[in-house]
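Visitor: query-v6.txt is reproduced below (compact mmCIF, C-alpha atoms).
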# COMPACT_ATOMS: atom_id res chain seq x y z
CA MET W 1 28.87 -21.23 -29.54
CA ALA W 2 27.83 -23.57 -26.78
CA ASP W 3 30.83 -22.67 -24.61
CA LYS W 4 29.87 -19.00 -24.75
CA HIS W 5 26.37 -19.67 -23.52
CA LYS W 6 25.77 -18.77 -19.92
CA ALA W 7 22.52 -19.30 -18.09
CA ALA W 8 20.93 -15.97 -17.18
CA PRO W 9 20.54 -15.43 -13.47
CA MET W 10 17.05 -16.37 -12.36
CA VAL W 11 16.71 -13.27 -10.18
CA ASP W 12 18.09 -10.04 -11.61
CA GLU W 13 17.51 -7.84 -8.64
CA VAL W 14 16.31 -7.88 -5.08
CA SER W 15 14.37 -4.86 -3.87
CA GLU W 16 15.40 -2.93 -0.79
CA PHE W 17 12.24 -4.10 0.96
CA GLU W 18 13.14 -7.73 0.30
CA ILE W 19 16.61 -7.13 1.75
CA LEU W 20 15.02 -5.43 4.76
CA GLU W 21 12.62 -8.36 5.27
CA ILE W 22 15.44 -10.90 5.12
CA ALA W 23 17.59 -8.85 7.51
CA VAL W 24 14.80 -8.39 10.07
CA ARG W 25 13.74 -12.03 9.81
CA GLU W 26 17.29 -13.31 10.34
CA LEU W 27 17.83 -10.97 13.27
CA ALA W 28 14.54 -12.09 14.85
CA ILE W 29 15.51 -15.75 14.46
CA GLU W 30 18.98 -15.07 15.88
CA LYS W 31 17.42 -13.27 18.83
CA GLY W 32 15.06 -16.16 19.46
CA LEU W 33 11.81 -14.27 18.83
CA PHE W 34 10.75 -17.12 16.55
CA THR W 35 12.37 -20.00 14.70
CA GLN W 36 12.71 -20.70 10.99
CA GLU W 37 10.20 -23.54 11.52
CA ASP W 38 7.70 -21.03 12.96
CA HIS W 39 8.25 -18.83 9.92
CA ASN W 40 7.75 -21.75 7.53
CA ALA W 41 4.57 -22.82 9.33
CA TRP W 42 3.18 -19.31 9.17
CA THR W 43 4.05 -18.80 5.49
CA ASP W 44 2.61 -22.17 4.57
CA TYR W 45 -0.59 -21.39 6.48
CA MET W 46 -0.96 -17.97 4.89
CA HIS W 47 -0.36 -19.12 1.35
CA THR W 48 -2.91 -21.90 1.49
CA LEU W 49 -5.78 -19.63 2.58
CA SER W 50 -8.29 -18.68 -0.09
CA PRO W 51 -11.21 -16.26 -0.52
CA VAL W 52 -13.71 -19.16 -0.40
CA PRO W 53 -14.76 -18.77 3.28
CA ALA W 54 -15.57 -15.09 2.74
CA ALA W 55 -17.52 -15.94 -0.42
CA ARG W 56 -19.54 -18.47 1.57
CA LEU W 57 -20.15 -15.90 4.31
CA VAL W 58 -21.70 -13.56 1.73
CA ALA W 59 -23.74 -16.35 0.12
CA LYS W 60 -25.10 -17.41 3.53
CA ALA W 61 -26.00 -13.82 4.33
CA TRP W 62 -27.86 -13.48 1.03
CA LEU W 63 -29.98 -16.48 1.99
CA ASP W 64 -30.45 -15.80 5.70
CA PRO W 65 -31.41 -12.29 6.92
CA GLU W 66 -30.61 -13.20 10.53
CA TYR W 67 -27.10 -14.31 9.56
CA LYS W 68 -26.68 -11.12 7.53
CA LYS W 69 -27.46 -9.08 10.66
CA LEU W 70 -24.87 -11.06 12.62
CA ALA W 71 -22.26 -10.60 9.87
CA ILE W 72 -22.72 -6.83 9.88
CA GLU W 73 -22.71 -6.65 13.68
CA ASP W 74 -19.89 -9.10 14.45
CA GLY W 75 -17.82 -10.33 11.50
CA VAL W 76 -15.51 -12.43 13.68
CA LYS W 77 -18.44 -14.36 15.14
CA ALA W 78 -20.06 -14.77 11.72
CA SER W 79 -16.76 -16.14 10.38
CA LEU W 80 -17.03 -19.11 12.75
CA GLU W 81 -20.00 -20.40 10.76
CA VAL W 82 -17.89 -20.58 7.61
CA GLY W 83 -15.10 -22.37 9.42
CA ILE W 84 -12.80 -19.44 10.22
CA ASP W 85 -11.75 -18.73 13.79
CA TRP W 86 -9.88 -15.42 13.66
CA VAL W 87 -8.32 -16.00 17.07
CA LYS W 88 -7.63 -19.69 17.60
CA GLN W 89 -7.12 -20.94 14.06
CA MET W 90 -4.07 -18.80 13.45
CA PRO W 91 -0.73 -20.45 14.20
CA THR W 92 -0.07 -17.79 16.88
CA GLN W 93 -3.52 -18.08 18.56
CA PHE W 94 -3.96 -14.32 18.60
CA GLY W 95 -3.53 -13.10 15.04
CA THR W 96 -0.41 -11.17 14.16
CA PRO W 97 0.32 -7.46 14.19
CA SER W 98 -0.92 -7.41 10.61
CA ASP W 99 -3.98 -9.61 11.10
CA TYR W 100 -5.84 -8.32 14.12
CA CYS W 101 -8.97 -10.20 15.06
CA ASN W 102 -11.58 -7.64 14.03
CA LEU W 103 -13.57 -8.14 10.84
CA ARG W 104 -16.25 -5.83 9.54
CA VAL W 105 -18.56 -6.85 6.74
CA MET W 106 -19.62 -3.79 4.74
CA ALA W 107 -23.01 -4.42 3.18
CA ASP W 108 -23.78 -2.69 -0.12
CA THR W 109 -27.31 -1.46 -0.81
CA PRO W 110 -28.92 -0.32 -4.07
CA THR W 111 -27.71 3.22 -3.27
CA LEU W 112 -24.37 2.44 -1.56
CA LYS W 113 -21.23 0.75 -2.93
CA HIS W 114 -18.24 -0.04 -0.70
CA VAL W 115 -14.66 -0.54 -1.81
CA VAL W 116 -11.69 -1.39 0.44
CA VAL W 117 -8.14 -0.05 0.42
CA CYS W 118 -5.27 0.32 2.88
CA THR W 119 -3.60 3.63 2.09
CA LEU W 120 -0.89 3.28 4.75
CA CYS W 121 0.35 -0.20 3.83
CA SER W 122 -1.63 -3.22 2.59
CA CYS W 123 -3.88 -4.39 5.45
CA TYR W 124 -6.08 -7.18 4.15
CA PRO W 125 -8.39 -9.70 5.85
CA ARG W 126 -6.07 -12.61 5.13
CA PRO W 127 -7.63 -15.11 7.57
CA ILE W 128 -10.81 -15.07 5.49
CA LEU W 129 -9.59 -13.87 2.09
CA GLY W 130 -6.11 -15.34 1.73
CA GLN W 131 -3.16 -13.41 0.30
CA SER W 132 -3.89 -10.02 -1.22
CA PRO W 133 -3.55 -9.54 -4.98
CA GLU W 134 -0.40 -7.75 -6.11
CA TRP W 135 -2.29 -4.66 -7.34
CA TYR W 136 -3.89 -4.17 -3.91
CA ARG W 137 -0.42 -3.49 -2.47
CA THR W 138 0.71 -1.02 -5.12
CA PRO W 139 1.05 2.69 -4.32
CA ASN W 140 -0.92 3.33 -7.52
CA TYR W 141 -4.09 1.68 -6.17
CA ARG W 142 -3.58 2.84 -2.58
CA ARG W 143 -2.99 6.50 -3.39
CA ARG W 144 -5.57 6.92 -6.11
CA LEU W 145 -8.51 4.91 -4.80
CA VAL W 146 -9.19 7.22 -1.84
CA ARG W 147 -9.09 10.29 -4.02
CA TRP W 148 -10.53 9.18 -7.35
CA PRO W 149 -12.56 6.08 -6.44
CA ARG W 150 -14.95 6.23 -9.40
CA GLN W 151 -12.14 6.62 -11.90
CA VAL W 152 -10.15 3.73 -10.40
CA LEU W 153 -13.24 1.50 -10.28
CA SER W 154 -13.91 2.26 -13.92
CA GLU W 155 -10.39 1.02 -14.68
CA PHE W 156 -11.55 -2.30 -13.19
CA GLY W 157 -14.51 -2.13 -15.59
CA LEU W 158 -16.95 -1.09 -12.89
CA GLN W 159 -19.06 1.99 -13.66
CA ILE W 160 -20.95 3.18 -10.60
CA PRO W 161 -24.22 5.01 -11.44
CA ASP W 162 -24.31 8.73 -10.58
CA ASP W 163 -27.06 8.32 -7.98
CA VAL W 164 -25.15 5.68 -5.99
CA GLU W 165 -22.93 6.72 -3.07
CA VAL W 166 -19.40 5.32 -3.33
CA ARG W 167 -17.92 4.68 0.11
CA VAL W 168 -14.19 4.02 0.29
CA VAL W 169 -13.16 2.10 3.40
CA ASP W 170 -9.56 2.84 4.41
CA SER W 171 -8.28 -0.05 6.54
CA ASN W 172 -5.81 1.91 8.66
CA GLN W 173 -6.05 0.43 12.17
CA LYS W 174 -7.01 -2.99 13.58
CA THR W 175 -10.19 -3.67 11.62
CA ARG W 176 -10.11 -5.71 8.42
CA TYR W 177 -12.95 -5.38 5.93
CA ILE W 178 -14.79 -7.38 3.31
CA VAL W 179 -17.54 -6.06 1.08
CA MET W 180 -20.92 -7.81 0.90
CA PRO W 181 -22.24 -6.92 -2.55
CA GLU W 182 -25.91 -6.99 -3.46
CA ARG W 183 -27.22 -10.35 -4.59
CA PRO W 184 -27.43 -10.12 -8.40
CA GLU W 185 -30.55 -10.72 -10.44
CA GLY W 186 -30.79 -14.08 -12.14
CA THR W 187 -29.81 -16.05 -9.03
CA GLU W 188 -33.33 -16.76 -7.78
CA GLY W 189 -33.62 -20.19 -6.22
CA TRP W 190 -29.86 -20.77 -6.20
CA THR W 191 -28.22 -22.87 -3.46
CA GLU W 192 -25.54 -21.59 -1.09
CA ASP W 193 -22.88 -23.48 -3.08
CA GLN W 194 -23.98 -21.91 -6.35
CA LEU W 195 -24.01 -18.42 -4.83
CA THR W 196 -20.59 -18.94 -3.22
CA GLU W 197 -19.06 -19.57 -6.65
CA ILE W 198 -19.94 -16.15 -8.04
CA VAL W 199 -18.62 -14.15 -5.06
CA THR W 200 -15.10 -13.72 -6.36
CA ARG W 201 -12.18 -12.14 -4.53
CA ASP W 202 -12.58 -8.88 -6.45
CA CYS W 203 -16.25 -8.70 -5.39
CA LEU W 204 -15.13 -9.06 -1.76
CA ILE W 205 -12.63 -6.21 -2.09
CA GLY W 206 -15.31 -4.16 -3.82
CA VAL W 207 -13.77 -3.63 -7.27
CA ALA W 208 -16.21 -5.96 -9.03
CA LEU W 209 -19.85 -7.02 -8.79
CA PRO W 210 -20.99 -10.64 -8.78
CA LYS W 211 -22.93 -11.86 -11.78
CA PRO W 212 -24.38 -15.21 -12.76
CA GLY W 213 -21.95 -17.20 -14.87
CA LYS W 214 -18.86 -15.34 -13.66
CA THR W 215 -16.83 -17.45 -11.22
CA ALA W 216 -13.26 -17.45 -9.94
CA ASN W 217 -12.60 -20.64 -11.90
CA ASP W 218 -13.62 -19.33 -15.31
CA PRO W 219 -11.17 -20.27 -18.07
CA ARG W 220 -8.76 -17.42 -18.75
CA PRO W 221 -9.02 -15.81 -22.19
CA VAL W 222 -6.30 -16.96 -24.57
CA ARG W 223 -5.09 -14.49 -27.18
CA LYS W 224 -2.81 -15.65 -29.93
CA ALA W 225 0.49 -13.81 -30.23
CA LEU W 226 0.66 -11.36 -33.13
CA LYS W 227 4.22 -12.36 -33.91
CA PRO W 228 4.66 -15.91 -32.64
CA TYR W 229 8.26 -16.93 -32.04
CA GLY W 230 9.72 -19.76 -34.06
CA HIS W 231 6.54 -21.06 -35.63
CA MET G 1 25.07 -7.52 26.13
CA SER G 2 22.70 -7.02 29.04
CA LYS G 3 19.23 -8.46 28.84
CA PRO G 4 16.43 -6.11 27.88
CA HIS G 5 14.32 -5.05 30.86
CA TYR G 6 11.03 -5.29 29.04
CA ASP G 7 8.98 -8.45 28.69
CA LEU G 8 9.01 -9.62 25.08
CA GLU G 9 6.23 -12.07 25.80
CA HIS G 10 3.76 -9.72 27.39
CA HIS G 11 1.59 -9.28 24.29
CA VAL G 12 1.62 -13.02 23.68
CA LYS G 13 0.51 -13.70 27.25
CA LYS G 14 -2.23 -11.11 27.05
CA ALA G 15 -3.64 -11.90 23.61
CA THR G 16 -3.30 -15.67 23.23
CA GLY G 17 -6.66 -17.36 22.99
CA ILE G 18 -8.44 -14.00 23.26
CA GLY G 19 -7.27 -12.02 20.25
CA ASP G 20 -6.10 -8.47 19.67
CA PRO G 21 -7.91 -5.97 20.07
CA GLN G 22 -10.30 -8.15 22.16
CA CYS G 23 -7.64 -8.45 24.89
CA PHE G 24 -7.94 -4.72 25.68
CA LYS G 25 -11.72 -4.77 26.13
CA GLY G 26 -12.91 -2.80 29.15
CA GLU G 27 -9.64 -0.90 29.67
CA ALA G 28 -10.46 2.40 27.97
CA GLY G 29 -13.07 3.73 30.37
CA ASP G 30 -16.01 5.83 29.24
CA PRO G 31 -15.90 6.89 25.60
CA ARG G 32 -15.76 10.65 25.00
CA PHE G 33 -17.91 10.50 21.85
CA LYS G 34 -21.01 8.58 20.80
CA VAL G 35 -22.47 7.44 17.49
CA GLY G 36 -23.76 10.45 15.54
CA ASP G 37 -21.34 12.95 17.12
CA LYS G 38 -19.55 15.38 14.81
CA VAL G 39 -15.82 15.40 15.42
CA LYS G 40 -12.76 17.09 13.98
CA ILE G 41 -9.41 15.36 13.44
CA ARG G 42 -6.66 17.16 15.34
CA ASP G 43 -3.39 18.01 13.65
CA LEU G 44 -0.99 16.44 16.15
CA PRO G 45 2.75 15.98 15.64
CA ASP G 46 3.67 12.53 14.32
CA VAL G 47 7.44 12.50 14.49
CA PHE G 48 7.86 8.76 15.04
CA TYR G 49 4.80 6.79 14.05
CA THR G 50 1.10 7.22 13.47
CA ARG G 51 -1.72 5.56 11.59
CA THR G 52 -3.85 8.70 11.38
CA GLN G 53 -3.71 9.58 7.71
CA ALA G 54 -2.44 13.06 6.85
CA TYR G 55 -5.40 13.56 4.51
CA THR G 56 -7.86 13.42 7.45
CA ARG G 57 -6.17 16.14 9.56
CA GLY G 58 -8.34 19.13 10.26
CA CYS G 59 -11.36 17.54 8.59
CA GLU G 60 -14.77 16.98 10.15
CA ALA G 61 -16.43 13.58 10.33
CA THR G 62 -19.33 11.75 11.93
CA VAL G 63 -18.94 8.88 14.41
CA VAL G 64 -20.60 5.78 12.93
CA ARG G 65 -19.37 3.10 15.34
CA LEU G 66 -17.30 2.67 18.49
CA VAL G 67 -15.32 -0.26 17.18
CA TYR G 68 -12.99 -1.51 19.95
CA GLU G 69 -10.57 -0.45 22.65
CA THR G 70 -6.83 -0.48 22.05
CA PRO G 71 -3.60 1.33 22.80
CA PRO G 72 -3.12 3.79 19.93
CA ALA G 73 -0.66 2.80 17.19
CA GLU G 74 1.63 5.68 18.24
CA ASP G 75 2.20 3.91 21.58
CA GLU G 76 1.93 0.33 20.48
CA ALA G 77 4.72 0.85 17.96
CA TRP G 78 6.97 1.26 21.01
CA ASP G 79 5.46 -1.65 22.93
CA ASN G 80 3.61 0.73 25.25
CA THR G 81 0.15 -0.62 26.00
CA GLU G 82 -0.62 1.46 29.09
CA ASN G 83 -2.98 4.01 27.56
CA VAL G 84 -5.89 2.09 26.12
CA GLU G 85 -8.45 4.25 24.31
CA TRP G 86 -11.59 3.95 22.21
CA MET G 87 -11.28 3.53 18.46
CA TYR G 88 -13.94 5.28 16.40
CA SER G 89 -15.08 4.46 12.90
CA LEU G 90 -15.68 7.81 11.22
CA LEU G 91 -17.53 8.80 8.08
CA PHE G 92 -16.08 11.64 5.99
CA LYS G 93 -17.59 13.45 3.03
CA GLN G 94 -15.18 13.09 0.13
CA LYS G 95 -15.76 16.78 -0.66
CA ASP G 96 -14.34 17.66 2.78
CA LEU G 97 -11.23 15.54 2.25
CA TRP G 98 -10.45 16.58 -1.32
CA PRO G 99 -11.59 20.09 -2.27
CA GLU G 100 -11.37 19.24 -5.98
CA TYR G 101 -13.65 16.20 -5.62
CA ALA G 102 -16.33 16.37 -8.32
CA ASP G 103 -19.49 18.24 -7.25
CA ALA G 104 -21.50 15.75 -9.27
CA PHE G 105 -20.54 13.07 -6.72
CA SER G 106 -20.98 15.07 -3.53
CA GLN G 107 -22.75 12.06 -1.98
CA ASP G 108 -19.52 10.01 -1.95
CA THR G 109 -17.96 9.19 1.42
CA LEU G 110 -14.95 7.58 3.09
CA GLU G 111 -14.92 5.54 6.28
CA THR G 112 -11.84 4.98 8.44
CA GLU G 113 -10.81 4.50 12.09
CA ILE G 114 -9.21 7.11 14.34
CA PRO G 115 -8.24 6.76 18.02
CA GLU G 116 -9.87 9.05 20.58
CA HIS G 117 -6.92 11.33 21.35
CA TRP G 118 -6.89 12.49 17.73
CA LEU G 119 -10.47 13.79 17.99
CA GLU G 120 -12.10 16.96 19.26
CA PRO G 121 -15.75 18.01 19.10
CA ALA G 122 -16.52 19.76 15.81
Can the structure from this file be put into structure tokens for me?
Guide:
Amino acid sequence: MADKHKAAPMVDEVSEFEILEIAVRELAIEKGLFTQEDHNAWTDYMHTLSPVPAARLVAKAWLDPEYKKLAIEDGVKASLEVGIDWVKQMPTQFGTPSDYCNLRVMADTPTLKHVVVCTLCSCYPRPILGQSPEWYRTPNYRRRLVRWPRQVLSEFGLQIPDDVEVRVVDSNQKTRYIVMPERPEGTEGWTEDQLTEIVTRDCLIGVALPKPGKTANDPRPVRKALKPYGH
Amino acid sequence: MSKPHYDLEHHVKKATGIGDPQCFKGEAGDPRFKVGDKVKIRDLPDVFYTRTQAYTRGCEATVVRLVYETPPAEDEAWDNTENVEWMYSLLFKQKDLWPEYADAFSQDTLETEIPEHWLEPA
């Protein structure tokens, strides 16, 4: 039997978009627009970003009304205080065509809830939030959120009360957005570090609300298989 | 193959250390609209490229912020940065965008950015 065994290919298929990306990248390198080393540096930089700076920005704003005003007025300037320079920190020194240097912080109120989408592609404030989650890039989320926001939010487990205005923010041009949710009850007297922990990525996109005890590092639920294999 | 006549580096030279759209600041002239103005999205042809969503065409909206100055995406896609214009953040009523949007949630809104040449007074 052993001689008949063949290892299954690790990758069954490559999508047309992946082929397109590889083709354009190789052409750009051949043409001298950038080098493979540039590409590696950029990819490495992008994949090591995390939502933590944006979470800290929100936590700071919860504690400091003056900083909150600055964040709403000039998100790029407010980012500097959490260690993110939208212009000079990026490997290119000017952002990229997909990460322009304009951040807006959309502040929720008791009667207003923001949620962010990019209907045209998958624009996302990567310099301060890291790589976007897979679902954020799907046509399913992008097409339905603008049209049926309450229904889509309820699929994330978020029921918005009838008397609250839901405001969808469609990131279609050069501005990137994060949501500043309301500071939840039960966090009185908390430090900036404690508050930062509960502002998860989903809260910053607007599909979740922060709550005490719920952090990005919570253990994942483990469910036992109904029909375990081989045991 | 002959060399291209355009300057591949021109955006790099302009934006490095300043940022994009910051590097176009001051180039758009006086804005046509101000915060609070009611505008209507024109239904312009978009044969090659646009970032003005089809669902906004013909709809009315309110200007909530003049966000920055930039060449519109329709031009920038072709490396043309000559016509810098104001970008407006607009607030739409969901009921205006989607006629079937639930009456119970008539307070719901959508905010997005549209360049000046797509707008006319409502």
Visitor: Within 6 Å of chain W, which residues of chain G are there when counting only C-alpha atoms? Please give them as a PyMOL selection string.
Guide: chain G and resi 15-17+19-20+107-112
Visitor: In Å, with one decimal, what is the gap from atom CA of Ser15 of chain W to atom CA of His39 of chain W?
Guide: 20.6 Å
Visitor: When you draw a straight line from atom CA of Tyr68 of chain G to atom CA of Val105 of chain W, how long is it in Å?
Guide: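 These two atoms are separated by 15.3 Å.
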Visitor: Mind checking which residues fall within 9 Å of Tyr55 of chain G, counting only C-alpha atoms, ignoring those fewer than 4 positions away in the same chain, and posting them as a PDB file with C-alpha atoms, in the coordinates of the input?
Guide:
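Writing done, so here's part.pdb:
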ATOM      1  CA  CYS G  59     -11.360  17.540   8.590  1.00  0.00           C
ATOM      2  CA  LEU G  97     -11.230  15.540   2.250  1.00  0.00           C
ATOM      3  CA  TRP G  98     -10.450  16.580  -1.320  1.00  0.00           C
TER       4      TRP G  98
END
Visitor: I'd like to know which of W:Pro51, W:Pro91, W:Pro161, W:Gly206 is closest to Ala104 of chain G, using only C-alpha atoms.
Guide: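 Between W:Pro51, W:Pro91, W:Pro161, W:Gly206, the residue approaching Ala104 of chain G most closely is W:Pro161.
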